[in-house]
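Have a look at structure15.txt; it's compact mmCIF, N, CA and C atoms:
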# COMPACT_ATOMS: atom_id res chain seq x y z
N VAL A 1 0.59 -19.68 1.94
CA VAL A 1 1.77 -18.91 2.32
C VAL A 1 1.34 -17.79 3.25
N GLN A 2 2.16 -17.52 4.26
CA GLN A 2 1.92 -16.39 5.17
C GLN A 2 2.96 -15.32 4.87
N LEU A 3 2.53 -14.06 4.89
CA LEU A 3 3.40 -12.94 4.54
C LEU A 3 3.48 -11.96 5.69
N GLN A 4 4.70 -11.43 5.94
CA GLN A 4 4.93 -10.47 7.01
C GLN A 4 5.76 -9.32 6.45
N ALA A 5 5.13 -8.16 6.32
CA ALA A 5 5.83 -6.98 5.79
C ALA A 5 6.49 -6.21 6.93
N SER A 6 7.62 -5.59 6.61
CA SER A 6 8.34 -4.77 7.59
C SER A 6 9.20 -3.75 6.86
N GLY A 7 9.79 -2.84 7.63
CA GLY A 7 10.73 -1.89 7.06
C GLY A 7 10.19 -0.49 6.86
N GLY A 8 8.92 -0.29 7.13
CA GLY A 8 8.36 1.04 7.00
C GLY A 8 8.89 1.98 8.06
N GLY A 9 8.58 3.26 7.89
CA GLY A 9 9.01 4.24 8.86
C GLY A 9 8.77 5.65 8.36
N LEU A 10 9.37 6.60 9.07
CA LEU A 10 9.27 8.01 8.73
C LEU A 10 10.57 8.44 8.05
N VAL A 11 10.43 9.09 6.91
CA VAL A 11 11.60 9.52 6.14
C VAL A 11 11.30 10.88 5.51
N GLN A 12 12.34 11.67 5.33
CA GLN A 12 12.16 12.95 4.67
C GLN A 12 12.05 12.78 3.16
N ALA A 13 11.40 13.72 2.53
CA ALA A 13 11.30 13.71 1.07
C ALA A 13 12.70 13.64 0.47
N GLY A 14 12.83 12.82 -0.56
CA GLY A 14 14.13 12.61 -1.18
C GLY A 14 14.90 11.45 -0.60
N GLY A 15 14.44 10.92 0.51
CA GLY A 15 15.11 9.82 1.18
C GLY A 15 14.74 8.47 0.59
N SER A 16 15.26 7.44 1.25
CA SER A 16 15.07 6.07 0.78
C SER A 16 14.65 5.15 1.92
N LEU A 17 13.96 4.09 1.54
CA LEU A 17 13.60 3.02 2.46
C LEU A 17 13.62 1.71 1.69
N ARG A 18 13.84 0.62 2.41
CA ARG A 18 13.68 -0.69 1.81
C ARG A 18 12.69 -1.50 2.64
N LEU A 19 11.61 -1.89 1.99
CA LEU A 19 10.62 -2.74 2.63
C LEU A 19 10.97 -4.20 2.39
N SER A 20 10.64 -5.03 3.36
CA SER A 20 10.83 -6.46 3.25
C SER A 20 9.50 -7.16 3.48
N CYS A 21 9.36 -8.32 2.88
CA CYS A 21 8.18 -9.16 3.09
C CYS A 21 8.66 -10.59 3.22
N ALA A 22 8.60 -11.11 4.43
CA ALA A 22 9.04 -12.48 4.70
C ALA A 22 7.89 -13.45 4.47
N ALA A 23 8.15 -14.50 3.73
CA ALA A 23 7.13 -15.50 3.41
C ALA A 23 7.43 -16.80 4.14
N SER A 24 6.39 -17.44 4.59
CA SER A 24 6.55 -18.72 5.25
C SER A 24 5.38 -19.61 4.89
N GLY A 25 5.52 -20.89 5.13
CA GLY A 25 4.42 -21.81 4.92
C GLY A 25 4.58 -22.70 3.71
N ARG A 26 5.01 -22.14 2.59
CA ARG A 26 5.23 -22.93 1.39
C ARG A 26 6.40 -22.36 0.62
N THR A 27 6.80 -23.01 -0.43
CA THR A 27 7.93 -22.58 -1.21
C THR A 27 7.62 -21.27 -1.91
N PHE A 28 8.29 -20.21 -1.48
CA PHE A 28 8.00 -18.87 -2.00
C PHE A 28 8.33 -18.76 -3.48
N SER A 29 9.26 -19.56 -3.96
CA SER A 29 9.68 -19.47 -5.36
C SER A 29 8.58 -19.88 -6.34
N THR A 30 7.52 -20.46 -5.86
CA THR A 30 6.42 -20.84 -6.73
C THR A 30 5.33 -19.77 -6.81
N TYR A 31 5.56 -18.63 -6.13
CA TYR A 31 4.58 -17.56 -6.08
C TYR A 31 5.07 -16.31 -6.80
N ALA A 32 4.22 -15.74 -7.63
CA ALA A 32 4.42 -14.37 -8.08
C ALA A 32 4.06 -13.46 -6.91
N ALA A 33 4.63 -12.26 -6.89
CA ALA A 33 4.41 -11.39 -5.75
C ALA A 33 4.26 -9.94 -6.20
N ALA A 34 3.77 -9.13 -5.28
CA ALA A 34 3.54 -7.73 -5.62
C ALA A 34 3.51 -6.87 -4.36
N TRP A 35 3.63 -5.58 -4.60
CA TRP A 35 3.42 -4.57 -3.56
C TRP A 35 2.24 -3.70 -3.97
N PHE A 36 1.41 -3.41 -3.01
CA PHE A 36 0.33 -2.46 -3.16
C PHE A 36 0.45 -1.43 -2.03
N ARG A 37 -0.26 -0.33 -2.16
CA ARG A 37 -0.26 0.67 -1.08
C ARG A 37 -1.64 1.31 -0.97
N GLN A 38 -1.92 1.80 0.23
CA GLN A 38 -3.19 2.47 0.48
C GLN A 38 -2.93 3.71 1.30
N ALA A 39 -3.21 4.86 0.71
CA ALA A 39 -3.08 6.14 1.41
C ALA A 39 -4.37 6.45 2.15
N PRO A 40 -4.32 7.30 3.16
CA PRO A 40 -5.54 7.63 3.91
C PRO A 40 -6.63 8.17 3.01
N GLY A 41 -7.81 7.60 3.11
CA GLY A 41 -8.95 8.06 2.35
C GLY A 41 -8.96 7.63 0.90
N LYS A 42 -8.00 6.81 0.51
CA LYS A 42 -7.92 6.38 -0.89
C LYS A 42 -8.01 4.85 -0.98
N GLU A 43 -8.29 4.39 -2.18
CA GLU A 43 -8.33 2.95 -2.41
C GLU A 43 -6.90 2.38 -2.50
N ARG A 44 -6.81 1.11 -2.22
CA ARG A 44 -5.53 0.43 -2.36
C ARG A 44 -5.14 0.40 -3.83
N GLU A 45 -3.85 0.66 -4.12
CA GLU A 45 -3.41 0.72 -5.50
C GLU A 45 -2.15 -0.12 -5.71
N PHE A 46 -1.99 -0.54 -6.94
CA PHE A 46 -0.84 -1.33 -7.34
C PHE A 46 0.43 -0.49 -7.33
N VAL A 47 1.54 -1.09 -6.90
CA VAL A 47 2.83 -0.42 -6.90
C VAL A 47 3.83 -1.16 -7.81
N ALA A 48 4.02 -2.45 -7.55
CA ALA A 48 5.02 -3.20 -8.30
C ALA A 48 4.69 -4.68 -8.23
N ALA A 49 5.07 -5.41 -9.28
CA ALA A 49 4.88 -6.85 -9.31
C ALA A 49 6.13 -7.52 -9.84
N ILE A 50 6.35 -8.76 -9.41
CA ILE A 50 7.54 -9.49 -9.79
C ILE A 50 7.18 -10.96 -9.98
N SER A 51 7.77 -11.58 -11.00
CA SER A 51 7.47 -12.97 -11.29
C SER A 51 8.15 -13.91 -10.30
N ARG A 52 7.82 -15.18 -10.42
CA ARG A 52 8.32 -16.18 -9.47
C ARG A 52 9.84 -16.18 -9.37
N ALA A 53 10.51 -16.09 -10.52
CA ALA A 53 11.97 -16.13 -10.53
C ALA A 53 12.59 -14.74 -10.41
N GLY A 54 11.77 -13.70 -10.43
CA GLY A 54 12.27 -12.33 -10.34
C GLY A 54 12.74 -11.77 -11.66
N THR A 55 12.47 -12.46 -12.75
CA THR A 55 12.98 -12.03 -14.06
C THR A 55 12.03 -11.06 -14.78
N VAL A 56 10.78 -11.05 -14.38
CA VAL A 56 9.79 -10.16 -15.00
C VAL A 56 9.24 -9.23 -13.92
N LYS A 57 9.25 -7.93 -14.21
CA LYS A 57 8.77 -6.95 -13.25
C LYS A 57 7.94 -5.90 -13.97
N THR A 58 7.03 -5.29 -13.24
CA THR A 58 6.31 -4.15 -13.77
C THR A 58 6.00 -3.20 -12.61
N TYR A 59 5.84 -1.92 -12.95
CA TYR A 59 5.66 -0.90 -11.94
C TYR A 59 4.54 0.06 -12.31
N ALA A 60 3.92 0.64 -11.32
CA ALA A 60 2.99 1.73 -11.56
C ALA A 60 3.78 2.92 -12.10
N ASP A 61 3.14 3.70 -12.95
CA ASP A 61 3.82 4.85 -13.54
C ASP A 61 4.32 5.82 -12.46
N SER A 62 3.59 5.92 -11.37
CA SER A 62 3.93 6.88 -10.33
C SER A 62 5.23 6.54 -9.60
N VAL A 63 5.69 5.30 -9.69
CA VAL A 63 6.90 4.91 -8.98
C VAL A 63 8.02 4.45 -9.91
N LYS A 64 7.71 4.38 -11.19
CA LYS A 64 8.68 3.88 -12.16
C LYS A 64 9.95 4.74 -12.13
N GLY A 65 11.10 4.10 -12.07
CA GLY A 65 12.37 4.80 -12.02
C GLY A 65 12.82 5.14 -10.61
N ARG A 66 11.92 5.03 -9.62
CA ARG A 66 12.26 5.34 -8.23
C ARG A 66 12.22 4.10 -7.33
N PHE A 67 11.32 3.18 -7.62
CA PHE A 67 11.14 1.98 -6.81
C PHE A 67 11.66 0.77 -7.58
N THR A 68 12.21 -0.19 -6.85
CA THR A 68 12.68 -1.43 -7.44
C THR A 68 12.22 -2.62 -6.60
N ALA A 69 11.50 -3.52 -7.24
CA ALA A 69 11.10 -4.75 -6.57
C ALA A 69 12.14 -5.83 -6.84
N SER A 70 12.40 -6.64 -5.83
CA SER A 70 13.33 -7.75 -5.99
C SER A 70 12.93 -8.85 -5.03
N ARG A 71 13.55 -9.99 -5.16
CA ARG A 71 13.24 -11.10 -4.27
C ARG A 71 14.45 -12.00 -4.10
N ASP A 72 14.50 -12.64 -2.95
CA ASP A 72 15.52 -13.64 -2.67
C ASP A 72 14.77 -14.92 -2.32
N ASN A 73 14.62 -15.80 -3.27
CA ASN A 73 13.84 -17.01 -3.04
C ASN A 73 14.52 -17.96 -2.06
N ALA A 74 15.82 -17.89 -1.98
CA ALA A 74 16.53 -18.73 -1.00
C ALA A 74 16.20 -18.31 0.43
N GLU A 75 15.90 -17.02 0.59
CA GLU A 75 15.55 -16.47 1.90
C GLU A 75 14.04 -16.27 2.05
N ASN A 76 13.28 -16.67 1.03
CA ASN A 76 11.81 -16.50 1.07
C ASN A 76 11.41 -15.06 1.39
N THR A 77 12.05 -14.11 0.73
CA THR A 77 11.81 -12.71 1.04
C THR A 77 11.63 -11.89 -0.23
N LEU A 78 10.67 -10.99 -0.16
CA LEU A 78 10.38 -10.02 -1.21
C LEU A 78 10.82 -8.65 -0.70
N TYR A 79 11.35 -7.83 -1.61
CA TYR A 79 11.82 -6.51 -1.22
C TYR A 79 11.21 -5.43 -2.12
N LEU A 80 11.16 -4.21 -1.57
CA LEU A 80 10.83 -3.03 -2.36
C LEU A 80 11.78 -1.93 -1.94
N ARG A 81 12.70 -1.59 -2.83
CA ARG A 81 13.61 -0.49 -2.59
C ARG A 81 12.95 0.78 -3.11
N MET A 82 12.82 1.78 -2.24
CA MET A 82 12.15 3.02 -2.59
C MET A 82 13.13 4.17 -2.45
N ASN A 83 13.43 4.81 -3.58
CA ASN A 83 14.33 5.96 -3.60
C ASN A 83 13.56 7.22 -3.97
N SER A 84 14.18 8.36 -3.72
CA SER A 84 13.58 9.66 -4.08
C SER A 84 12.14 9.75 -3.61
N LEU A 85 11.91 9.41 -2.39
CA LEU A 85 10.56 9.36 -1.86
C LEU A 85 9.92 10.74 -1.84
N LYS A 86 8.62 10.75 -2.08
CA LYS A 86 7.83 11.97 -2.12
C LYS A 86 6.73 11.89 -1.06
N PRO A 87 6.23 13.02 -0.60
CA PRO A 87 5.12 12.98 0.37
C PRO A 87 3.93 12.17 -0.13
N GLU A 88 3.68 12.18 -1.42
CA GLU A 88 2.56 11.41 -1.97
C GLU A 88 2.78 9.91 -1.95
N ASP A 89 3.98 9.47 -1.58
CA ASP A 89 4.23 8.04 -1.39
C ASP A 89 3.79 7.56 0.00
N THR A 90 3.37 8.49 0.84
CA THR A 90 2.90 8.12 2.18
C THR A 90 1.69 7.21 2.08
N ALA A 91 1.79 6.04 2.71
CA ALA A 91 0.72 5.04 2.63
C ALA A 91 1.10 3.85 3.49
N VAL A 92 0.14 2.97 3.68
CA VAL A 92 0.44 1.63 4.21
C VAL A 92 0.76 0.74 3.01
N TYR A 93 1.90 0.08 3.07
CA TYR A 93 2.34 -0.76 1.98
C TYR A 93 2.10 -2.23 2.32
N TYR A 94 1.51 -2.94 1.38
CA TYR A 94 1.16 -4.34 1.55
C TYR A 94 1.89 -5.21 0.53
N CYS A 95 2.36 -6.36 0.97
CA CYS A 95 2.87 -7.34 0.02
C CYS A 95 1.78 -8.39 -0.21
N ALA A 96 1.83 -8.99 -1.39
CA ALA A 96 0.82 -9.97 -1.77
C ALA A 96 1.47 -11.06 -2.61
N ALA A 97 0.85 -12.23 -2.64
CA ALA A 97 1.40 -13.35 -3.39
C ALA A 97 0.29 -14.14 -4.07
N SER A 98 0.68 -14.73 -5.20
CA SER A 98 -0.25 -15.55 -5.97
C SER A 98 0.54 -16.67 -6.62
N ARG A 99 -0.15 -17.78 -6.84
CA ARG A 99 0.54 -18.94 -7.39
C ARG A 99 0.12 -19.14 -8.84
N PRO A 100 0.86 -18.57 -9.80
CA PRO A 100 0.46 -18.67 -11.20
C PRO A 100 0.83 -20.02 -11.82
N THR A 101 0.22 -20.31 -12.94
CA THR A 101 0.53 -21.55 -13.65
C THR A 101 1.64 -21.36 -14.68
N VAL A 102 1.93 -20.09 -15.00
CA VAL A 102 2.98 -19.78 -15.97
C VAL A 102 4.12 -19.12 -15.23
N SER A 103 5.34 -19.52 -15.52
CA SER A 103 6.48 -19.09 -14.70
C SER A 103 6.72 -17.59 -14.75
N GLY A 104 6.52 -16.95 -15.87
CA GLY A 104 6.81 -15.53 -15.99
C GLY A 104 5.63 -14.62 -15.74
N ALA A 105 4.54 -15.18 -15.26
CA ALA A 105 3.31 -14.39 -15.09
C ALA A 105 3.43 -13.41 -13.93
N ILE A 106 2.88 -12.21 -14.14
CA ILE A 106 2.76 -11.22 -13.08
C ILE A 106 1.37 -10.62 -13.16
N PHE A 107 0.90 -10.10 -12.05
CA PHE A 107 -0.45 -9.58 -11.97
C PHE A 107 -0.44 -8.20 -11.32
N THR A 108 -1.35 -7.34 -11.75
CA THR A 108 -1.40 -5.99 -11.22
C THR A 108 -2.70 -5.68 -10.50
N LYS A 109 -3.61 -6.62 -10.46
CA LYS A 109 -4.91 -6.38 -9.83
C LYS A 109 -4.98 -7.06 -8.47
N MET A 110 -5.61 -6.37 -7.52
CA MET A 110 -5.74 -6.92 -6.18
C MET A 110 -6.41 -8.28 -6.18
N GLY A 111 -7.41 -8.45 -7.02
CA GLY A 111 -8.18 -9.68 -7.04
C GLY A 111 -7.40 -10.90 -7.48
N ASP A 112 -6.22 -10.67 -8.07
CA ASP A 112 -5.39 -11.79 -8.51
C ASP A 112 -4.53 -12.35 -7.39
N TYR A 113 -4.56 -11.69 -6.22
CA TYR A 113 -3.69 -12.09 -5.11
C TYR A 113 -4.51 -12.60 -3.93
N PRO A 114 -4.47 -13.87 -3.64
CA PRO A 114 -5.22 -14.41 -2.51
C PRO A 114 -4.50 -14.28 -1.16
N TYR A 115 -3.19 -14.02 -1.22
CA TYR A 115 -2.41 -13.99 0.02
C TYR A 115 -1.85 -12.58 0.24
N TRP A 116 -2.03 -12.07 1.48
CA TRP A 116 -1.65 -10.69 1.79
C TRP A 116 -0.92 -10.63 3.11
N GLY A 117 0.06 -9.71 3.19
CA GLY A 117 0.68 -9.40 4.45
C GLY A 117 -0.14 -8.35 5.18
N GLN A 118 0.30 -7.98 6.38
CA GLN A 118 -0.48 -7.11 7.24
C GLN A 118 -0.27 -5.63 6.97
N GLY A 119 0.73 -5.25 6.20
CA GLY A 119 0.98 -3.86 5.89
C GLY A 119 2.02 -3.23 6.79
N THR A 120 2.77 -2.27 6.22
CA THR A 120 3.76 -1.52 6.98
C THR A 120 3.63 -0.05 6.57
N GLN A 121 3.64 0.85 7.54
CA GLN A 121 3.40 2.26 7.30
C GLN A 121 4.65 2.96 6.80
N VAL A 122 4.51 3.69 5.72
CA VAL A 122 5.57 4.55 5.21
C VAL A 122 5.06 5.99 5.24
N THR A 123 5.78 6.86 5.91
CA THR A 123 5.41 8.26 5.99
C THR A 123 6.57 9.10 5.49
N VAL A 124 6.29 9.94 4.49
CA VAL A 124 7.31 10.79 3.90
C VAL A 124 6.96 12.24 4.24
N SER A 125 7.85 12.89 4.95
CA SER A 125 7.61 14.28 5.35
C SER A 125 8.22 15.23 4.32
N SER A 126 7.58 16.37 4.17
CA SER A 126 8.05 17.36 3.18
C SER A 126 9.05 18.32 3.78
As structure tokens - that is how I would like this structure written.
Amino acid sequence: VQLQASGGGLVQAGGSLRLSCAASGRTFSTYAAAWFRQAPGKEREFVAAISRAGTVKTYADSVKGRFTASRDNAENTLYLRMNSLKPEDTAVYYCAASRPTVSGAIFTKMGDYPYWGQGTQVTVSS
């Protein structure tokens, strides 16, 4: 599967953005997916994960209650809705996909994802 992230930009603190990740190449509904982010000078970190059908989700504590992951398998697209953005959310955001053997499986570690998009920059000004 090939992944293409988009939707990043510059937003003021307290604002919102929706990231998209378009998948192509194979049936996206057979892949679990996730969002990760990498801030300048920091390691890439987990943000959110979603199961193949979108019924199971998990979030990093730092974004819980503010970010929502979703997917439209008919459109082969993964989304990340980000509300109440903070300057510390500034990072390059990456989407990732993995093909699990169990339908409700989700993963939070980078090493569990063999497929990655190119990243989209999100900058939150104070």
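The space separating atom CA of A:Gln118 from atom CA of A:Tyr93 comes to 8.7 Å.
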**Request:** Anything within 8 Å of (-3.2, -3.0, 1.5): list those residues as a ChimeraX atom specification, counting all atoms listed in the file and sticking to the file's coordinates.
**Result:** /A:35-39,43-45,92-95,116-120
Preceding selection exported with N, CA and C atoms as a compact mmCIF listing (two decimals), keeping the file's coordinate frame:
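What landed in out-v8.txt:
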# COMPACT_ATOMS: atom_id res chain seq x y z
N TRP A 35 3.63 -5.58 -4.60
CA TRP A 35 3.42 -4.57 -3.56
C TRP A 35 2.24 -3.70 -3.97
N PHE A 36 1.41 -3.41 -3.01
CA PHE A 36 0.33 -2.46 -3.16
C PHE A 36 0.45 -1.43 -2.03
N ARG A 37 -0.26 -0.33 -2.16
CA ARG A 37 -0.26 0.67 -1.08
C ARG A 37 -1.64 1.31 -0.97
N GLN A 38 -1.92 1.80 0.23
CA GLN A 38 -3.19 2.47 0.48
C GLN A 38 -2.93 3.71 1.30
N ALA A 39 -3.21 4.86 0.71
CA ALA A 39 -3.08 6.14 1.41
C ALA A 39 -4.37 6.45 2.15
N GLU A 43 -8.29 4.39 -2.18
CA GLU A 43 -8.33 2.95 -2.41
C GLU A 43 -6.90 2.38 -2.50
N ARG A 44 -6.81 1.11 -2.22
CA ARG A 44 -5.53 0.43 -2.36
C ARG A 44 -5.14 0.40 -3.83
N GLU A 45 -3.85 0.66 -4.12
CA GLU A 45 -3.41 0.72 -5.50
C GLU A 45 -2.15 -0.12 -5.71
N VAL A 92 0.14 2.97 3.68
CA VAL A 92 0.44 1.63 4.21
C VAL A 92 0.76 0.74 3.01
N TYR A 93 1.90 0.08 3.07
CA TYR A 93 2.34 -0.76 1.98
C TYR A 93 2.10 -2.23 2.32
N TYR A 94 1.51 -2.94 1.38
CA TYR A 94 1.16 -4.34 1.55
C TYR A 94 1.89 -5.21 0.53
N CYS A 95 2.36 -6.36 0.97
CA CYS A 95 2.87 -7.34 0.02
C CYS A 95 1.78 -8.39 -0.21
N TRP A 116 -2.03 -12.07 1.48
CA TRP A 116 -1.65 -10.69 1.79
C TRP A 116 -0.92 -10.63 3.11
N GLY A 117 0.06 -9.71 3.19
CA GLY A 117 0.68 -9.40 4.45
C GLY A 117 -0.14 -8.35 5.18
N GLN A 118 0.30 -7.98 6.38
CA GLN A 118 -0.48 -7.11 7.24
C GLN A 118 -0.27 -5.63 6.97
N GLY A 119 0.73 -5.25 6.20
CA GLY A 119 0.98 -3.86 5.89
C GLY A 119 2.02 -3.23 6.79
N THR A 120 2.77 -2.27 6.22
CA THR A 120 3.76 -1.52 6.98
C THR A 120 3.63 -0.05 6.57
I want to know what sits within 9 Å of A:Val47, based on only C-alpha atoms, with residues of the same chain fewer than 4 positions away left out; could you give that as a PDB file with N, CA and C atoms, in the frame of the given file?
ATOM      1  N   ALA A  34       3.770  -9.130  -5.280  1.00  0.00           N
ATOM      2  CA  ALA A  34       3.540  -7.730  -5.620  1.00  0.00           C
ATOM      3  C   ALA A  34       3.510  -6.870  -4.360  1.00  0.00           C
ATOM      4  N   TRP A  35       3.630  -5.580  -4.600  1.00  0.00           N
ATOM      5  CA  TRP A  35       3.420  -4.570  -3.560  1.00  0.00           C
ATOM      6  C   TRP A  35       2.240  -3.700  -3.970  1.00  0.00           C
ATOM      7  N   PHE A  36       1.410  -3.410  -3.010  1.00  0.00           N
ATOM      8  CA  PHE A  36       0.330  -2.460  -3.160  1.00  0.00           C
ATOM      9  C   PHE A  36       0.450  -1.430  -2.030  1.00  0.00           C
ATOM     10  N   ARG A  37      -0.260  -0.330  -2.160  1.00  0.00           N
ATOM     11  CA  ARG A  37      -0.260   0.670  -1.080  1.00  0.00           C
ATOM     12  C   ARG A  37      -1.640   1.310  -0.970  1.00  0.00           C
ATOM     13  N   THR A  58       7.030  -5.290 -13.240  1.00  0.00           N
ATOM     14  CA  THR A  58       6.310  -4.150 -13.770  1.00  0.00           C
ATOM     15  C   THR A  58       6.000  -3.200 -12.610  1.00  0.00           C
ATOM     16  N   TYR A  59       5.840  -1.920 -12.950  1.00  0.00           N
ATOM     17  CA  TYR A  59       5.660  -0.900 -11.940  1.00  0.00           C
ATOM     18  C   TYR A  59       4.540   0.060 -12.310  1.00  0.00           C
ATOM     19  N   ALA A  60       3.920   0.640 -11.320  1.00  0.00           N
ATOM     20  CA  ALA A  60       2.990   1.730 -11.560  1.00  0.00           C
ATOM     21  C   ALA A  60       3.780   2.920 -12.100  1.00  0.00           C
ATOM     22  N   ASP A  61       3.140   3.700 -12.950  1.00  0.00           N
ATOM     23  CA  ASP A  61       3.820   4.850 -13.540  1.00  0.00           C
ATOM     24  C   ASP A  61       4.320   5.820 -12.460  1.00  0.00           C
ATOM     25  N   SER A  62       3.590   5.920 -11.370  1.00  0.00           N
ATOM     26  CA  SER A  62       3.930   6.880 -10.330  1.00  0.00           C
ATOM     27  C   SER A  62       5.230   6.540  -9.600  1.00  0.00           C
ATOM     28  N   VAL A  63       5.690   5.300  -9.690  1.00  0.00           N
ATOM     29  CA  VAL A  63       6.900   4.910  -8.980  1.00  0.00           C
ATOM     30  C   VAL A  63       8.020   4.450  -9.910  1.00  0.00           C
ATOM     31  N   LYS A  64       7.710   4.380 -11.190  1.00  0.00           N
ATOM     32  CA  LYS A  64       8.680   3.880 -12.160  1.00  0.00           C
ATOM     33  C   LYS A  64       9.950   4.740 -12.130  1.00  0.00           C
ATOM     34  N   PHE A  67      11.320   3.180  -7.620  1.00  0.00           N
ATOM     35  CA  PHE A  67      11.140   1.980  -6.810  1.00  0.00           C
ATOM     36  C   PHE A  67      11.660   0.770  -7.580  1.00  0.00           C
ATOM     37  N   TYR A  93       1.900   0.080   3.070  1.00  0.00           N
ATOM     38  CA  TYR A  93       2.340  -0.760   1.980  1.00  0.00           C
ATOM     39  C   TYR A  93       2.100  -2.230   2.320  1.00  0.00           C
ATOM     40  N   THR A 108      -1.350  -7.340 -11.750  1.00  0.00           N
ATOM     41  CA  THR A 108      -1.400  -5.990 -11.220  1.00  0.00           C
ATOM     42  C   THR A 108      -2.700  -5.680 -10.500  1.00  0.00           C
TER      43      THR A 108
END
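Of note, atom N of A:Asn76 and atom C of A:Ser29 are spaced 9.3 Å apart.
Atom CA of A:Ser20 is found 20.7 Å from atom CA of A:Asp112.
Shell of A:Val11 at 10 Å, with only C-alpha atoms counted and residues fewer than 4 places along the chain excluded, is Gly15, Ser16, Leu17, Leu85, Lys86, Pro87, Thr90, Val122, Thr123, Val124, Ser125 and Ser126 of chain A.
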**Prompt:** Which residues in chain A does DSSP call strand (DSSP E)? List them as number ranges by chain.
**Reply:** A: 2-6, 9-12, 17-24, 32-38, 45-50, 57-59, 67-72, 77-82, 91-98, 115-116, 120-125
**Item:** Residue neighbourhood A:Ser103, 6 Å, all atoms listed in the file, exclusion window fewer than 5 positions, as a PyMOL selection string
**Value:** chain A and resi 51-53
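Note that DSSP on the backbone gives helix (DSSP H, G or I) to these residues of chain A: A:Phe28, A:Ser29, A:Thr30, A:Pro87, A:Glu88, A:Asp89, A:Met110, A:Gly111, A:Asp112.
Between A:Phe107 and the candidates A:Thr27, A:Ala49, A:Met82, A:Thr68, the tightest atom-to-atom separation, counting only C-alpha atoms, involves A:Ala49.
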